[in-house]
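K.L.:
My structure is stored as query_13.txt, with compact mmCIF, C-alpha atoms and all ligand atoms.
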```txt
# COMPACT_ATOMS: atom_id res chain seq x y z
CA MET A 1 -17.71 12.49 2.15
CA SER A 2 -20.82 11.87 4.20
CA THR A 3 -18.91 9.63 6.63
CA GLN A 4 -18.06 11.46 9.84
CA ARG A 5 -15.94 9.16 11.96
CA VAL A 6 -13.33 6.95 10.30
CA VAL A 7 -10.86 4.50 11.82
CA VAL A 8 -7.70 4.04 9.74
CA THR A 9 -5.59 1.08 10.88
CA GLY A 10 -1.98 1.44 9.76
CA GLY A 11 -2.69 5.17 9.41
CA ALA A 12 0.91 6.16 10.23
CA GLY A 13 2.19 4.23 7.19
CA PHE A 14 2.70 5.38 3.62
CA LEU A 15 -0.82 4.88 2.20
CA GLY A 16 -2.59 5.27 5.56
CA SER A 17 -1.13 8.75 6.14
CA TYR A 18 -2.47 9.96 2.77
CA LEU A 19 -5.88 8.53 3.60
CA CYS A 20 -5.90 10.33 6.97
CA GLU A 21 -4.85 13.58 5.31
CA ARG A 22 -7.49 13.32 2.60
CA LEU A 23 -10.29 12.37 5.02
CA LEU A 24 -9.42 15.26 7.37
CA SER A 25 -9.47 17.69 4.45
CA GLU A 26 -13.00 16.48 3.69
CA GLY A 27 -14.14 17.24 7.24
CA ALA A 28 -14.09 13.71 8.68
CA GLU A 29 -12.96 12.85 12.19
CA VAL A 30 -10.11 10.37 11.92
CA ILE A 31 -8.90 7.83 14.45
CA CYS A 32 -5.58 6.38 13.39
CA MET A 33 -4.43 3.12 15.00
CA ASP A 34 -0.84 2.01 14.47
CA ASN A 35 1.94 0.21 16.31
CA PHE A 36 4.67 1.99 14.23
CA LEU A 37 6.21 -1.31 13.10
CA THR A 38 6.89 0.07 9.61
CA GLY A 39 5.18 3.46 9.87
CA SER A 40 5.92 6.53 11.94
CA PRO A 41 4.06 9.45 13.60
CA ARG A 42 6.36 11.59 11.44
CA ASN A 43 4.12 10.75 8.46
CA LEU A 44 1.29 12.54 10.27
CA GLU A 45 3.22 15.28 12.04
CA HIS A 46 1.82 18.02 9.77
CA LEU A 47 -1.70 16.94 10.88
CA LEU A 48 -1.19 16.17 14.55
CA GLY A 49 -2.34 19.57 15.85
CA ARG A 50 -5.85 19.03 14.48
CA SER A 51 -8.55 18.21 16.99
CA SER A 52 -10.26 15.97 14.41
CA LEU A 53 -7.28 13.57 14.34
CA ARG A 54 -6.57 11.08 17.09
CA LEU A 55 -3.47 8.91 16.87
CA ILE A 56 -3.64 5.78 19.02
CA GLU A 57 -0.54 3.62 19.40
CA CYS A 58 -1.89 0.08 19.44
CA ASP A 59 -1.15 -3.36 18.08
CA LEU A 60 -4.16 -4.59 16.08
CA THR A 61 -3.31 -8.19 16.96
CA GLY A 62 -4.21 -7.46 20.60
CA PHE A 63 -7.30 -5.95 22.23
CA VAL A 64 -8.84 -3.15 20.15
CA HIS A 65 -11.27 -0.61 21.53
CA VAL A 66 -12.58 2.67 20.13
CA PRO A 67 -15.07 4.70 22.18
CA GLY A 68 -18.11 6.21 20.42
CA GLU A 69 -19.58 5.72 17.00
CA VAL A 70 -17.63 4.74 13.90
CA ASP A 71 -18.94 4.99 10.33
CA LEU A 72 -16.06 3.46 8.39
CA VAL A 73 -13.05 1.24 9.15
CA LEU A 74 -10.21 1.35 6.61
CA HIS A 75 -7.99 -1.62 7.44
CA PHE A 76 -4.47 -0.84 6.19
CA ALA A 77 -2.29 -2.20 9.00
CA SER A 78 0.30 -4.62 7.63
CA ALA A 79 3.92 -4.48 6.57
CA ALA A 80 3.81 -4.16 2.80
CA SER A 81 7.33 -4.06 1.40
CA PRO A 82 9.00 -7.45 0.83
CA ALA A 83 12.01 -6.39 2.93
CA ASP A 84 9.66 -5.48 5.81
CA TYR A 85 7.50 -8.59 5.72
CA LEU A 86 10.47 -10.91 5.32
CA ARG A 87 12.00 -9.24 8.40
CA HIS A 88 8.66 -9.57 10.27
CA PRO A 89 7.10 -12.81 8.96
CA ILE A 90 5.07 -13.75 12.05
CA GLU A 91 3.91 -10.17 12.69
CA THR A 92 2.73 -10.01 9.06
CA LEU A 93 0.76 -13.24 9.36
CA LYS A 94 -0.67 -12.09 12.69
CA VAL A 95 -1.82 -8.68 11.50
CA GLY A 96 -3.35 -10.21 8.35
CA SER A 97 -5.25 -12.78 10.41
CA LEU A 98 -5.80 -11.62 14.02
CA GLY A 99 -5.50 -7.93 13.10
CA THR A 100 -8.13 -8.33 10.39
CA LEU A 101 -10.35 -10.30 12.80
CA HIS A 102 -10.16 -7.43 15.31
CA ALA A 103 -10.72 -4.72 12.69
CA LEU A 104 -13.77 -6.64 11.40
CA GLY A 105 -14.99 -7.08 14.98
CA LEU A 106 -14.77 -3.33 15.46
CA ALA A 107 -16.78 -2.70 12.27
CA LYS A 108 -19.39 -5.24 13.41
CA GLU A 109 -19.67 -3.70 16.90
CA LYS A 110 -20.08 -0.18 15.45
CA ASP A 111 -22.22 -1.20 12.47
CA ALA A 112 -19.63 0.49 10.26
CA ARG A 113 -18.60 -0.11 6.66
CA PHE A 114 -15.30 -1.99 6.46
CA LEU A 115 -12.69 -1.77 3.70
CA LEU A 116 -9.81 -4.23 3.47
CA ALA A 117 -6.56 -3.14 1.81
CA SER A 118 -5.78 -6.31 -0.09
CA THR A 119 -3.09 -6.58 -2.69
CA SER A 120 -2.20 -7.68 -6.21
CA GLU A 121 0.07 -10.18 -4.42
CA VAL A 122 -2.99 -12.42 -3.92
CA TYR A 123 -2.47 -13.21 -7.63
CA GLY A 124 1.05 -14.50 -6.85
CA ASP A 125 3.17 -15.24 -9.92
CA PRO A 126 0.18 -14.97 -12.26
CA LEU A 127 -0.70 -17.38 -15.03
CA GLU A 128 -3.30 -14.91 -16.35
CA HIS A 129 -2.25 -11.54 -17.74
CA PRO A 130 -3.43 -8.87 -17.13
CA GLN A 131 -4.98 -9.88 -13.81
CA ARG A 132 -8.76 -9.67 -13.53
CA GLU A 133 -10.59 -9.91 -10.21
CA THR A 134 -11.93 -13.31 -11.24
CA TYR A 135 -8.42 -14.81 -11.34
CA TRP A 136 -7.68 -16.99 -8.28
CA GLY A 137 -3.93 -16.57 -8.31
CA ASN A 138 -0.80 -18.70 -8.23
CA VAL A 139 0.76 -18.50 -4.76
CA ASN A 140 3.32 -20.85 -3.22
CA PRO A 141 1.91 -21.39 0.30
CA VAL A 142 5.31 -22.29 1.77
CA GLY A 143 7.48 -19.83 -0.16
CA PRO A 144 9.04 -16.84 1.62
CA ARG A 145 6.47 -14.38 0.20
CA SER A 146 3.58 -16.50 1.48
CA VAL A 147 3.65 -14.70 4.86
CA TYR A 148 2.25 -11.67 3.08
CA ASP A 149 0.34 -13.25 0.17
CA GLU A 150 -1.42 -15.90 2.23
CA ALA A 151 -2.16 -13.48 5.08
CA LYS A 152 -3.95 -11.23 2.59
CA ARG A 153 -5.76 -14.18 0.99
CA PHE A 154 -6.92 -15.25 4.46
CA ALA A 155 -7.94 -11.63 5.21
CA GLU A 156 -10.08 -11.60 2.04
CA SER A 157 -11.71 -14.86 3.08
CA LEU A 158 -12.38 -13.63 6.62
CA THR A 159 -13.82 -10.37 5.29
CA THR A 160 -16.17 -12.34 3.03
CA ALA A 161 -17.22 -14.59 5.93
CA TYR A 162 -18.04 -11.53 8.10
CA ARG A 163 -20.15 -10.19 5.26
CA ASN A 164 -22.03 -13.44 4.76
CA SER A 165 -22.36 -14.60 8.39
CA HIS A 166 -22.46 -11.31 10.33
CA ARG A 167 -23.91 -9.00 7.64
CA VAL A 168 -21.01 -6.54 7.97
CA ASP A 169 -20.94 -4.08 5.05
CA THR A 170 -17.53 -5.00 3.64
CA ALA A 171 -15.39 -3.99 0.68
CA ILE A 172 -12.13 -5.42 -0.67
CA VAL A 173 -9.67 -3.46 -2.81
CA ARG A 174 -6.70 -5.20 -4.42
CA ILE A 175 -4.06 -2.50 -4.59
CA PHE A 176 -1.25 -2.73 -7.16
CA ASN A 177 2.22 -1.20 -6.63
CA THR A 178 1.78 2.36 -5.46
CA TYR A 179 4.52 4.94 -5.08
CA GLY A 180 5.02 8.56 -4.08
CA PRO A 181 6.52 10.91 -1.51
CA ARG A 182 6.76 9.57 2.07
CA MET A 183 8.01 6.12 1.11
CA ARG A 184 11.03 5.24 3.21
CA PRO A 185 14.30 5.47 1.23
CA HIS A 186 15.39 2.11 2.68
CA ASP A 187 12.06 0.25 2.64
CA GLY A 188 13.45 -2.12 0.01
CA ARG A 189 10.78 -1.47 -2.63
CA ALA A 190 12.10 -0.90 -6.15
CA ILE A 191 11.14 2.76 -6.65
CA PRO A 192 12.64 4.22 -3.44
CA THR A 193 15.72 2.01 -3.93
CA PHE A 194 16.26 3.12 -7.55
CA ILE A 195 15.70 6.79 -6.63
CA ARG A 196 18.06 6.68 -3.64
CA GLN A 197 20.75 4.92 -5.65
CA SER A 198 20.34 7.36 -8.58
CA LEU A 199 20.52 10.43 -6.34
CA HIS A 200 23.62 9.09 -4.54
CA GLY A 201 25.32 8.08 -7.79
CA GLU A 202 25.46 4.46 -6.60
CA PRO A 203 24.92 1.41 -8.85
CA ILE A 204 21.20 0.77 -9.44
CA THR A 205 20.43 -2.81 -8.39
CA VAL A 206 18.01 -4.48 -10.80
CA THR A 207 17.01 -8.05 -9.97
CA GLY A 208 17.29 -10.84 -12.56
CA ASP A 209 17.68 -9.54 -16.11
CA GLY A 210 15.16 -6.76 -15.42
CA SER A 211 12.60 -8.09 -17.92
CA GLN A 212 10.00 -8.77 -15.21
CA THR A 213 7.20 -6.20 -15.28
CA ARG A 214 5.30 -4.07 -12.78
CA SER A 215 2.53 -1.51 -13.13
CA ILE A 216 3.03 1.50 -10.91
CA CYS A 217 0.32 3.83 -9.65
CA TYR A 218 0.89 7.29 -8.16
CA VAL A 219 -0.36 7.56 -4.58
CA ASP A 220 -2.96 10.30 -5.26
CA ASP A 221 -4.65 8.05 -7.82
CA THR A 222 -4.64 5.04 -5.48
CA VAL A 223 -6.15 7.08 -2.64
CA GLU A 224 -8.86 8.38 -4.98
CA GLY A 225 -9.74 4.81 -6.00
CA ILE A 226 -9.79 3.54 -2.40
CA LEU A 227 -12.11 6.32 -1.27
CA ALA A 228 -14.37 5.83 -4.30
CA MET A 229 -14.70 2.19 -3.25
CA ALA A 230 -15.31 3.15 0.40
CA ARG A 231 -18.12 5.51 -0.67
CA SER A 232 -19.71 2.95 -3.00
CA GLY A 233 -21.90 0.15 -1.77
CA LEU A 234 -19.75 -2.38 -3.63
CA GLN A 235 -18.29 -5.50 -2.11
CA GLY A 236 -15.43 -6.11 -4.54
CA PRO A 237 -12.80 -7.36 -4.77
CA ILE A 238 -11.83 -4.58 -7.12
CA ASN A 239 -8.40 -3.85 -8.64
CA ILE A 240 -6.94 -0.40 -8.01
CA GLY A 241 -3.78 0.24 -10.00
CA ASN A 242 -2.32 1.80 -13.11
CA PRO A 243 -2.41 -0.55 -16.12
CA THR A 244 0.69 0.99 -17.74
CA GLU A 245 3.23 -1.83 -17.57
CA LEU A 246 6.99 -1.28 -17.34
CA THR A 247 9.92 -3.67 -17.20
CA MET A 248 12.05 -3.26 -14.07
CA LEU A 249 15.05 -2.40 -16.23
CA GLY A 250 12.98 0.21 -18.09
CA LEU A 251 11.83 1.64 -14.75
CA ALA A 252 15.40 1.84 -13.42
CA GLU A 253 16.55 3.63 -16.59
CA LYS A 254 13.61 6.03 -16.49
CA ILE A 255 14.33 6.95 -12.86
CA ARG A 256 18.04 7.37 -13.59
CA ASP A 257 17.26 9.72 -16.50
CA LEU A 258 14.75 11.78 -14.53
CA ALA A 259 17.18 12.09 -11.63
CA GLY A 260 19.90 13.26 -14.04
CA SER A 261 22.15 10.49 -12.73
CA SER A 262 24.89 8.50 -14.40
CA SER A 263 24.66 5.52 -12.02
CA PRO A 264 25.49 2.20 -13.68
CA ILE A 265 22.94 -0.64 -13.61
CA ARG A 266 24.02 -3.68 -11.56
CA PHE A 267 22.10 -6.95 -12.01
CA ILE A 268 21.60 -8.94 -8.82
CA ASP A 269 19.80 -12.20 -7.96
CA ARG A 270 16.05 -12.30 -8.41
CA PRO A 271 14.10 -12.99 -5.16
CA VAL A 272 12.41 -16.40 -4.77
CA ASP A 273 8.88 -16.54 -6.27
CA ASP A 274 9.20 -12.99 -7.63
CA PRO A 275 6.26 -12.47 -10.05
CA ALA A 276 7.31 -12.36 -13.71
CA VAL A 277 4.52 -9.99 -14.73
CA ARG A 278 2.03 -7.70 -13.01
CA ARG A 279 -0.71 -5.59 -14.62
CA PRO A 280 -4.21 -4.88 -13.37
CA ASP A 281 -7.30 -5.13 -15.48
CA THR A 282 -9.06 -2.01 -14.20
CA SER A 283 -12.25 -2.23 -16.24
CA GLN A 284 -14.33 -2.99 -13.11
CA ALA A 285 -13.02 0.13 -11.33
CA ALA A 286 -13.67 2.23 -14.44
CA GLU A 287 -17.19 0.88 -15.04
CA ARG A 288 -18.43 0.53 -11.47
CA LEU A 289 -16.56 3.33 -9.66
CA GLY A 290 -15.95 5.72 -12.56
CA TRP A 291 -12.31 5.65 -11.46
CA GLN A 292 -9.17 5.65 -13.53
CA PRO A 293 -5.61 6.73 -12.76
CA ARG A 294 -4.71 10.20 -14.03
CA VAL A 295 -1.05 10.72 -13.15
CA ASP A 296 1.33 9.32 -15.77
CA ALA A 297 4.58 7.66 -14.72
CA LEU A 298 6.79 10.57 -15.81
CA SER A 299 5.01 13.20 -13.72
CA GLY A 300 4.52 10.87 -10.74
CA LEU A 301 8.16 9.82 -10.74
CA ARG A 302 9.29 13.45 -11.12
CA ARG A 303 7.28 14.49 -8.04
CA THR A 304 8.61 11.52 -6.08
CA ILE A 305 12.24 12.12 -7.06
CA ASP A 306 11.94 15.81 -6.08
CA TRP A 307 10.60 14.81 -2.67
CA PHE A 308 13.37 12.24 -2.12
CA ALA A 309 16.02 14.76 -3.18
CA ARG A 310 14.76 17.21 -0.52
CA GLU A 311 14.38 14.46 2.06
CA LEU A 312 17.85 12.99 1.54
CA GLN A 313 19.37 16.48 1.52
CA GLY A 314 17.59 17.24 4.82
CA HIS A 315 19.04 14.07 6.34
CA ARG A 316 22.52 15.03 5.22
CA GLU A 317 22.15 18.52 6.70
CA SER A 318 20.82 17.26 10.04
CA ALA A 319 23.66 14.69 10.16
CA ASP A 320 26.13 17.55 9.56
CA VAL A 321 24.56 19.57 12.38
CA SER A 322 24.70 16.65 14.82
CA LEU A 323 28.41 16.21 14.07
P1 LIG B 1 3.42 0.73 5.36
O1 LIG B 1 4.36 -0.29 5.88
O2 LIG B 1 3.96 2.09 5.06
O3 LIG B 1 2.18 0.91 6.33
C1 LIG B 1 1.65 -0.13 7.09
C2 LIG B 1 1.30 0.42 8.48
O4 LIG B 1 0.72 -0.64 9.27
C3 LIG B 1 2.53 0.92 9.23
O5 LIG B 1 2.30 2.22 9.74
C4 LIG B 1 2.71 -0.11 10.35
O6 LIG B 1 3.34 0.43 11.49
C5 LIG B 1 1.26 -0.54 10.60
N1 LIG B 1 1.15 -1.85 11.23
C6 LIG B 1 1.76 -3.02 10.91
N2 LIG B 1 1.40 -3.99 11.76
C7 LIG B 1 0.55 -3.44 12.66
C8 LIG B 1 -0.16 -3.94 13.80
N3 LIG B 1 -0.05 -5.21 14.20
N4 LIG B 1 -0.95 -3.08 14.50
C9 LIG B 1 -1.07 -1.79 14.12
N5 LIG B 1 -0.43 -1.26 13.05
C10 LIG B 1 0.38 -2.08 12.33
O7 LIG B 1 2.77 0.09 4.04
P2 LIG B 1 1.83 0.77 2.93
O8 LIG B 1 2.54 0.72 1.65
O9 LIG B 1 1.28 2.06 3.40
O10 LIG B 1 0.66 -0.32 2.86
C11 LIG B 1 -0.52 -0.14 3.63
C12 LIG B 1 -1.51 -1.24 3.31
O11 LIG B 1 -1.83 -1.25 1.92
C13 LIG B 1 -1.01 -2.63 3.66
O12 LIG B 1 -2.07 -3.39 4.21
C14 LIG B 1 -0.60 -3.20 2.32
O13 LIG B 1 -0.73 -4.60 2.29
C15 LIG B 1 -1.58 -2.52 1.38
N6 LIG B 1 -1.01 -2.43 0.03
C16 LIG B 1 -0.06 -1.48 -0.26
C17 LIG B 1 0.48 -1.44 -1.53
C18 LIG B 1 1.51 -0.41 -1.93
O14 LIG B 1 1.97 -0.42 -3.07
N7 LIG B 1 1.91 0.51 -1.06
C19 LIG B 1 0.08 -2.37 -2.51
C20 LIG B 1 -0.86 -3.32 -2.14
C21 LIG B 1 -1.42 -3.34 -0.89
```
Represent the structure from my file as C-alpha cells, please.
P.N.:
Amino acid sequence: MSTQRVVVTGGAGFLGSYLCERLLSEGAEVICMDNFLTGSPRNLEHLLGRSSLRLIECDLTGFVHVPGEVDLVLHFASAASPADYLRHPIETLKVGSLGTLHALGLAKEKDARFLLASTSEVYGDPLEHPQRETYWGNVNPVGPRSVYDEAKRFAESLTTAYRNSHRVDTAIVRIFNTYGPRMRPHDGRAIPTFIRQSLHGEPITVTGDGSQTRSICYVDDTVEGILAMARSGLQGPINIGNPTELTMLGLAEKIRDLAGSSSPIRFIDRPVDDPAVRRPDTSQAAERLGWQPRVDALSGLRRTIDWFARELQGHRESADVSL
C-alpha cells in the first residue's frame, strides 16, 4: 500500500487488530487508538514489539491528538456486538457521534483519507432483500438496537457532511456479519456463542424458530474488502460481506457438526427488532473494487472452531495452573 502512516481507531478490537496486522505486514506505520472498552491489547500482543506500531490508550469521545503526518484514518472504534452495545448504550451513541466527529477532525487536520466502518445494521429489519446500497433501511429509532443503528446512521451522515462541507476525502463501508479467530467467546454474537456451546457440549441457544437469516463473511475477506476501499478513491457507501445466506438454525447445526458435538438445540426468545433477513448485494464491490469473498463458510468456520478449541483449552489449562 502506498499509504505510510495509518491511524486505526478501535485497533485493539476484533476487526481493528486484523487491519493493524495487515497494514504492518505491508510496511505501513500504524497508530492504534483504543480505550479497551470491548477490545484488548492482547489482540495486538504478537505485534507490540514492532517499532512501526504505536498503541495509544485513548477515548475517541474526548480530546484526540496525533503528532506528525497521517495519510489514512480507519475509524473502527465502537462496540459492535449486540450484547456489548446494549450493555454500553450511551458509550455506543457517543463513539458513533462524538468519536466520529473527532476522527473526522483528525483526518481534516492531517489532510488524510478517512474510512468509516459502518454496518449492515443501518438497513435495520430490511424491507428490501438482498440489501443494496441504495436502500434507506427500516430502523426503529427508539428500539433497543437504535443505540448502535442510529449512531452508525448519524456517523454516515456526518462523514458525508465532512466530505461536502470540508472536502475531506471520505469513504463509507457497510460491513456485514464478519467472523473469525480472536472473537471473544462470550461477546454474545451468534458464531462465538454456538462454537463455545458446541465445544463445551452445552445446549446451543438459537433465538426464535431459527428461520431468520444472516450472511457471514470470514475476517480475511472483510479486511481485503476494507483495504480495497481505502486504496480506491471511492466514496461509497459500499457493502462488504458474503452473499451466501444461512438460517440461524442451519448455522447452529453446521457449527455443531463441524465441532463434532452432540449438543442439543435450545430455542430461546428472539431479541426485540431482530432483523428477519440479512444478505448483501455485493455487485458494487465486485464491479468497482474488483472484490469478492473467497473463503466459503465451511473452511472459515473450521478455522474459527480450531482457534476457539485451542483458546478455550488454553483457558482451562491456565485456570488449572492458578488453582
Ligand atoms: P470490537 O468490539 O471487537 O472492536 C471495537 C473496538 O473499539 C474495541 O477495541 C473497543 O475497545 C474500541 N472502542 C469502543 N469505544 C471506543 C472509544 N470511545 N474510544 C476508543 N476506542 C473505543 O468490534 P469489531 O467487531 O471489531 O467491530 C469494529 C468496527 O467494525 C465497529 O465500528 C463495528 O461497528 C464495525 N462492524 C463490525 C462488524 C462485524 O461483524 N465484526 C459488522 C459491521 C460493522
K.L.:
Can you work out which residues are within 7 Å of ligand LIG 1 (chain B), considering all atoms listed in the file, and then hand them over as a PDB file with C-alpha atoms, keeping the file's coordinate frame?
P.N.:
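Output below, filename selection_3.pdb:
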```pdb
ATOM      1  CA  THR A   9      -5.590   1.080  10.880  1.00  0.00           C
ATOM      2  CA  GLY A  10      -1.980   1.440   9.760  1.00  0.00           C
ATOM      3  CA  GLY A  11      -2.690   5.170   9.410  1.00  0.00           C
ATOM      4  CA  ALA A  12       0.910   6.160  10.230  1.00  0.00           C
ATOM      5  CA  GLY A  13       2.190   4.230   7.190  1.00  0.00           C
ATOM      6  CA  PHE A  14       2.700   5.380   3.620  1.00  0.00           C
ATOM      7  CA  LEU A  15      -0.820   4.880   2.200  1.00  0.00           C
ATOM      8  CA  GLY A  16      -2.590   5.270   5.560  1.00  0.00           C
ATOM      9  CA  MET A  33      -4.430   3.120  15.000  1.00  0.00           C
ATOM     10  CA  ASP A  34      -0.840   2.010  14.470  1.00  0.00           C
ATOM     11  CA  ASN A  35       1.940   0.210  16.310  1.00  0.00           C
ATOM     12  CA  PHE A  36       4.670   1.990  14.230  1.00  0.00           C
ATOM     13  CA  LEU A  37       6.210  -1.310  13.100  1.00  0.00           C
ATOM     14  CA  THR A  38       6.890   0.070   9.610  1.00  0.00           C
ATOM     15  CA  GLY A  39       5.180   3.460   9.870  1.00  0.00           C
ATOM     16  CA  SER A  40       5.920   6.530  11.940  1.00  0.00           C
ATOM     17  CA  CYS A  58      -1.890   0.080  19.440  1.00  0.00           C
ATOM     18  CA  ASP A  59      -1.150  -3.360  18.080  1.00  0.00           C
ATOM     19  CA  LEU A  60      -4.160  -4.590  16.080  1.00  0.00           C
ATOM     20  CA  THR A  61      -3.310  -8.190  16.960  1.00  0.00           C
ATOM     21  CA  HIS A  75      -7.990  -1.620   7.440  1.00  0.00           C
ATOM     22  CA  PHE A  76      -4.470  -0.840   6.190  1.00  0.00           C
ATOM     23  CA  ALA A  77      -2.290  -2.200   9.000  1.00  0.00           C
ATOM     24  CA  SER A  78       0.300  -4.620   7.630  1.00  0.00           C
ATOM     25  CA  ALA A  79       3.920  -4.480   6.570  1.00  0.00           C
ATOM     26  CA  ALA A  80       3.810  -4.160   2.800  1.00  0.00           C
ATOM     27  CA  SER A  81       7.330  -4.060   1.400  1.00  0.00           C
ATOM     28  CA  GLU A  91       3.910 -10.170  12.690  1.00  0.00           C
ATOM     29  CA  THR A  92       2.730 -10.010   9.060  1.00  0.00           C
ATOM     30  CA  VAL A  95      -1.820  -8.680  11.500  1.00  0.00           C
ATOM     31  CA  GLY A  99      -5.500  -7.930  13.100  1.00  0.00           C
ATOM     32  CA  ALA A 117      -6.560  -3.140   1.810  1.00  0.00           C
ATOM     33  CA  SER A 118      -5.780  -6.310  -0.090  1.00  0.00           C
ATOM     34  CA  THR A 119      -3.090  -6.580  -2.690  1.00  0.00           C
ATOM     35  CA  SER A 120      -2.200  -7.680  -6.210  1.00  0.00           C
ATOM     36  CA  ARG A 174      -6.700  -5.200  -4.420  1.00  0.00           C
ATOM     37  CA  ILE A 175      -4.060  -2.500  -4.590  1.00  0.00           C
ATOM     38  CA  PHE A 176      -1.250  -2.730  -7.160  1.00  0.00           C
ATOM     39  CA  ASN A 177       2.220  -1.200  -6.630  1.00  0.00           C
ATOM     40  CA  THR A 178       1.780   2.360  -5.460  1.00  0.00           C
ATOM     41  CA  TYR A 179       4.520   4.940  -5.080  1.00  0.00           C
ATOM     42  CA  MET A 183       8.010   6.120   1.110  1.00  0.00           C
TER      43      MET A 183
END
```
K.L.:
Using only C-alpha atoms, which residue out of A:Leu298, A:Leu104, A:Leu55, A:Ala276 lies closest to A:Ser211?
P.N.:
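The closest residue to A:Ser211 is A:Ala276.
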K.L.:
Given all atoms listed in the file as the basis, pick out the residue of A:Val6, A:Leu19, A:Leu93, A:Met248 nearest to A:Tyr148.
P.N.:
A:Leu93
K.L.:
Using Å and a single decimal, report how far atom CA of A:His102 sits from atom CA of A:Arg87.
P.N.:
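Interatomic distance, atom CA of A:Arg87 to atom CA of A:His102: 23.3 Å.
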K.L.:
Pick from A:Leu23, A:Cys32, A:Leu74, A:Leu86: nearest to A:Glu57, with only C-alpha atoms counted?
P.N.:
A:Cys32
K.L.:
Given only C-alpha atoms as the basis, pick out the residue of A:Asp273, A:Asp84, A:Glu109, A:Asp220 nearest to A:Val139.
P.N.:
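Comparing A:Asp273, A:Asp84, A:Glu109, A:Asp220 against A:Val139, the winner is A:Asp273.
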K.L.:
Write out as an MDAnalysis selection string the residues lying within 6 Å of stretch 234-236 of chain A, counting only C-alpha atoms and excluding same-chain residues fewer than 3 positions away.
P.N.:
chainID A and resid 170:172
K.L.:
So how far away is atom CA of A:Tyr18 from atom CA of A:Pro41, in Å?
P.N.:
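So the answer is 12.7 Å.
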K.L.:
With 6 Å added on each side, what axis-aligned box encloses every listed atom of stretch 51-70 of chain A? Give the centre and edge lengths in Å to one decimal, as lines of an AutoDock Vina configuration file.
P.N.:
```
center_x = -10.1
center_y = 5.0
center_z = 18.1
size_x = 31.0
size_y = 38.4
size_z = 20.3
```
K.L.:
Provide the atom CA of A:Gly201 to atom CA of A:Thr244 distance in Å, to one decimal place.
P.N.:
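One can read the atom CA of A:Gly201 to atom CA of A:Thr244 distance as 27.5 Å.
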K.L.:
Could you check the closest approach to A:Thr159 for each of A:Gly96, A:Gly250, A:Pro264, A:Pro185 and tell me which residue wins, using only C-alpha atoms?
P.N.:
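Between A:Gly96, A:Gly250, A:Pro264, A:Pro185, the residue approaching A:Thr159 most closely is A:Gly96.
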K.L.:
List the spatial neighbours of A:Thr193 as a short mmCIF file (atom, residue, chain, number, x, y, z; two decimals) with C-alpha atoms, keeping the file's coordinate frame - criterion: any atom at most 9 Å away, all atoms listed in the file, same-chain residues fewer than 6 positions off excluded.
P.N.:
```
data_model
loop_
_atom_site.label_atom_id
_atom_site.label_comp_id
_atom_site.auth_asym_id
_atom_site.auth_seq_id
_atom_site.Cartn_x
_atom_site.Cartn_y
_atom_site.Cartn_z
CA PRO A 185 14.30 5.47 1.23
CA HIS A 186 15.39 2.11 2.68
CA ASP A 187 12.06 0.25 2.64
CA ILE A 204 21.20 0.77 -9.44
CA THR A 205 20.43 -2.81 -8.39
#
```
K.L.:
Please determine, counting only C-alpha atoms, which residue among A:Ile191, A:Ala286, A:Ala297, A:Ile255 has the shortest atom-to-atom distance to A:Cys217.
P.N.:
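So, comparing all the options, the nearest one is A:Ala297.
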K.L.:
Give me the residues near A:Ser97 as a PyMOL selection string, where near means some atom within 7 Å (using all atoms listed in the file) and where sequence neighbours in that chain fewer than 3 positions away do not count.
P.N.:
chain A and resi 93-94+100-101+151+154-155
K.L.:
Within 6 Å of (4.2, -15.0, -8.6) (file coordinates; only C-alpha atoms), which protein or nucleic acid residues are there? I'd like them as a list in words.
P.N.:
Gly124, Asp125, Pro126, Asp273, Asp274 and Pro275 of chain A
